[in-house]
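In what follows, a structure is listed as C-alpha cells, so that the remarks can point back to it.
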Amino acid sequence: MSSAGYELPLLLFGGFRSIIDELHAELGRHGHQDLRPAHGFAMQAIGFGGATATEAGRRLGISKQAAGKTVERLEALGYVRRAGDGADRRRKLVHLTPRGIEALTLSATIFSDIRARWTQTLGPERVDDLEASLRTMAPGETFRLDVPGWFGAS
C-alpha cells in the first residue's frame, strides 16, 4: 500500500504530537502543569552541566533573544537559575534547579513508559526499526526547534 507523499510528515508530526501531549498531561498530574514543550527542549539544551542562554539557543536553532526569553520564563517558574561563571565574570550560566532536574528525570521515565506502550502495541522489532530509520533520515545531531519560522511567524 503506497501513501501520498504529504502523509508522511503529517503522520510523523501526529506521532510526535501524541507523545508530547501525553508527556505533558502526565507531567501536569505530577505538579508540572506550567511546563510547555519548548521548556523541556530548552532544559535538555541547558543540560545537567549548565549552559549560557546563547549556547542553549544555538543547540536549539533559535535566536539568542528567544533563548533568553525562554530562560527568563523557566527561571520565573523555578526550573532554572542563573549564576556567574567563575572562569568568566561576563558570562551568566544557566543551571537546572532541583525542580528542573525532577522534571527532566520524570520526563525520561514517562518517555520510557510511552515507548514501552508503543512497543507493546506495534512490537519491539517495528519500534526499533522505526527509530533506526528516523535516525538515518534525521539530519545532524541537534534538533532545531525554530518551528514558528516554518509557519511564517518570526
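We label chains A, B, ... in the order they appear in the C-alpha cells, count residues from 1 in each chain, and number ligands from 1 in the order shown.
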
Just list the residues in region 46-79 of chain A DSSP gives helix (DSSP H, G or I) on the backbone, as number ranges by chain. A: 46, 53-60, 64-77

Close residues, Ala66 (chain A) itself excluded, 10 Å, only C-alpha atoms, min 6 positions apart in chain, as a PDB file with N, CA, C and O atoms, in the first residue's frame:
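In the end it all went to around-v2.pdb:
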ATOM      1  N   ALA A  53      22.591  31.094  27.931  1.00  0.00           N
ATOM      2  CA  ALA A  53      21.385  31.179  27.104  1.00  0.00           C
ATOM      3  C   ALA A  53      21.758  31.124  25.622  1.00  0.00           C
ATOM      4  O   ALA A  53      21.058  30.502  24.822  1.00  0.00           O
ATOM      5  N   THR A  54      22.872  31.739  25.268  1.00  0.00           N
ATOM      6  CA  THR A  54      23.327  31.726  23.870  1.00  0.00           C
ATOM      7  C   THR A  54      23.656  30.307  23.423  1.00  0.00           C
ATOM      8  O   THR A  54      23.280  29.885  22.326  1.00  0.00           O
ATOM      9  N   GLY A  57      20.457  28.409  22.998  1.00  0.00           N
ATOM     10  CA  GLY A  57      19.804  28.851  21.769  1.00  0.00           C
ATOM     11  C   GLY A  57      20.430  28.236  20.536  1.00  0.00           C
ATOM     12  O   GLY A  57      19.745  27.803  19.617  1.00  0.00           O
ATOM     13  N   GLU A  72      14.264  33.152  30.881  1.00  0.00           N
ATOM     14  CA  GLU A  72      13.567  34.021  31.845  1.00  0.00           C
ATOM     15  C   GLU A  72      12.304  33.352  32.367  1.00  0.00           C
ATOM     16  O   GLU A  72      12.009  33.386  33.568  1.00  0.00           O
ATOM     17  N   ASP A 146      13.026  25.824  15.823  1.00  0.00           N
ATOM     18  CA  ASP A 146      12.504  27.113  15.375  1.00  0.00           C
ATOM     19  C   ASP A 146      11.235  26.907  14.548  1.00  0.00           C
ATOM     20  O   ASP A 146      11.061  27.458  13.482  1.00  0.00           O
TER      21      ASP A 146
END

Write out as a list in words the residues lying within 9 Å of region 75-82 of chain A, counting only C-alpha atoms and excluding same-chain residues fewer than 2 positions away. Asp34, Leu35, Met43, Thr52, Thr70, Val71, Glu72, Arg73, Gly84, Lys92, Leu93, Val94, His95, Leu96, Thr97, Pro98, Arg99, Gly100, Ile101 and Ala103 of chain A

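Of all the residues in region 63-146 of chain A, the ones DSSP labels as strand (DSSP E or B) from the backbone are Val80, Arg81, Arg82, Ala83, Gly84, Asp85, Asp88, Arg89, Arg90, Arg91, Lys92, Leu93, Val94, His95 and Leu96 of chain A.
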
Any idea what's packed within 12 Å of Leu130 (chain A), counting only C-alpha atoms, ignoring anything in its chain fewer than 4 positions away? Could you give it as a VMD selection string? chain A and resid 12 15 115 118 to 119 122 to 126 134 to 138

Please write the residues from the selection above to a file, keeping N, CA and C atoms, as a tab-separated table (two decimals), in the first residue's frame.
chain	number	residue	atom	x	y	z
A	12	LEU	N	4.22	11.68	10.94
A	12	LEU	CA	5.33	11.89	11.87
A	12	LEU	C	4.98	12.96	12.90
A	15	GLY	N	2.39	11.59	15.37
A	15	GLY	CA	3.01	10.72	16.37
A	15	GLY	C	3.77	11.52	17.41
A	115	ARG	N	7.18	4.69	25.26
A	115	ARG	CA	7.85	3.80	24.31
A	115	ARG	C	7.48	2.35	24.57
A	118	TRP	N	4.12	1.74	23.09
A	118	TRP	CA	4.24	1.65	21.63
A	118	TRP	C	4.80	0.27	21.26
A	119	THR	N	5.79	-0.18	22.02
A	119	THR	CA	6.40	-1.49	21.75
A	119	THR	C	5.38	-2.60	21.97
A	122	LEU	N	2.91	-2.17	18.83
A	122	LEU	CA	3.48	-2.38	17.50
A	122	LEU	C	4.45	-3.56	17.42
A	123	GLY	N	4.99	-3.94	18.55
A	123	GLY	CA	6.02	-4.98	18.58
A	123	GLY	C	7.39	-4.34	18.65
A	124	PRO	N	8.32	-5.00	19.34
A	124	PRO	CA	9.65	-4.40	19.53
A	124	PRO	C	10.42	-4.21	18.22
A	125	GLU	N	10.27	-5.13	17.28
A	125	GLU	CA	11.02	-5.00	16.03
A	125	GLU	C	10.57	-3.77	15.24
A	126	ARG	N	9.27	-3.52	15.20
A	126	ARG	CA	8.77	-2.37	14.45
A	126	ARG	C	9.21	-1.06	15.08
A	134	LEU	N	14.41	6.57	11.47
A	134	LEU	CA	14.37	8.02	11.73
A	134	LEU	C	15.77	8.55	12.02
A	135	ARG	N	16.60	7.79	12.72
A	135	ARG	CA	17.99	8.22	12.94
A	135	ARG	C	18.73	8.38	11.62
A	136	THR	N	18.46	7.51	10.68
A	136	THR	CA	19.09	7.59	9.36
A	136	THR	C	18.65	8.84	8.61
A	137	MET	N	17.39	9.18	8.73
A	137	MET	CA	16.83	10.27	7.94
A	137	MET	C	16.93	11.63	8.62
A	138	ALA	N	17.05	11.68	9.94
A	138	ALA	CA	17.12	12.97	10.65
A	138	ALA	C	18.51	13.55	10.48

Selected residue of minimal separation from Ile114 (chain A) among A:Leu60, A:Leu23, A:Leu10, A:Ala45, counting only C-alpha atoms: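 Of A:Leu60, A:Leu23, A:Leu10, A:Ala45, the one nearest Ile114 (chain A), counting only C-alpha atoms, is A:Leu23.
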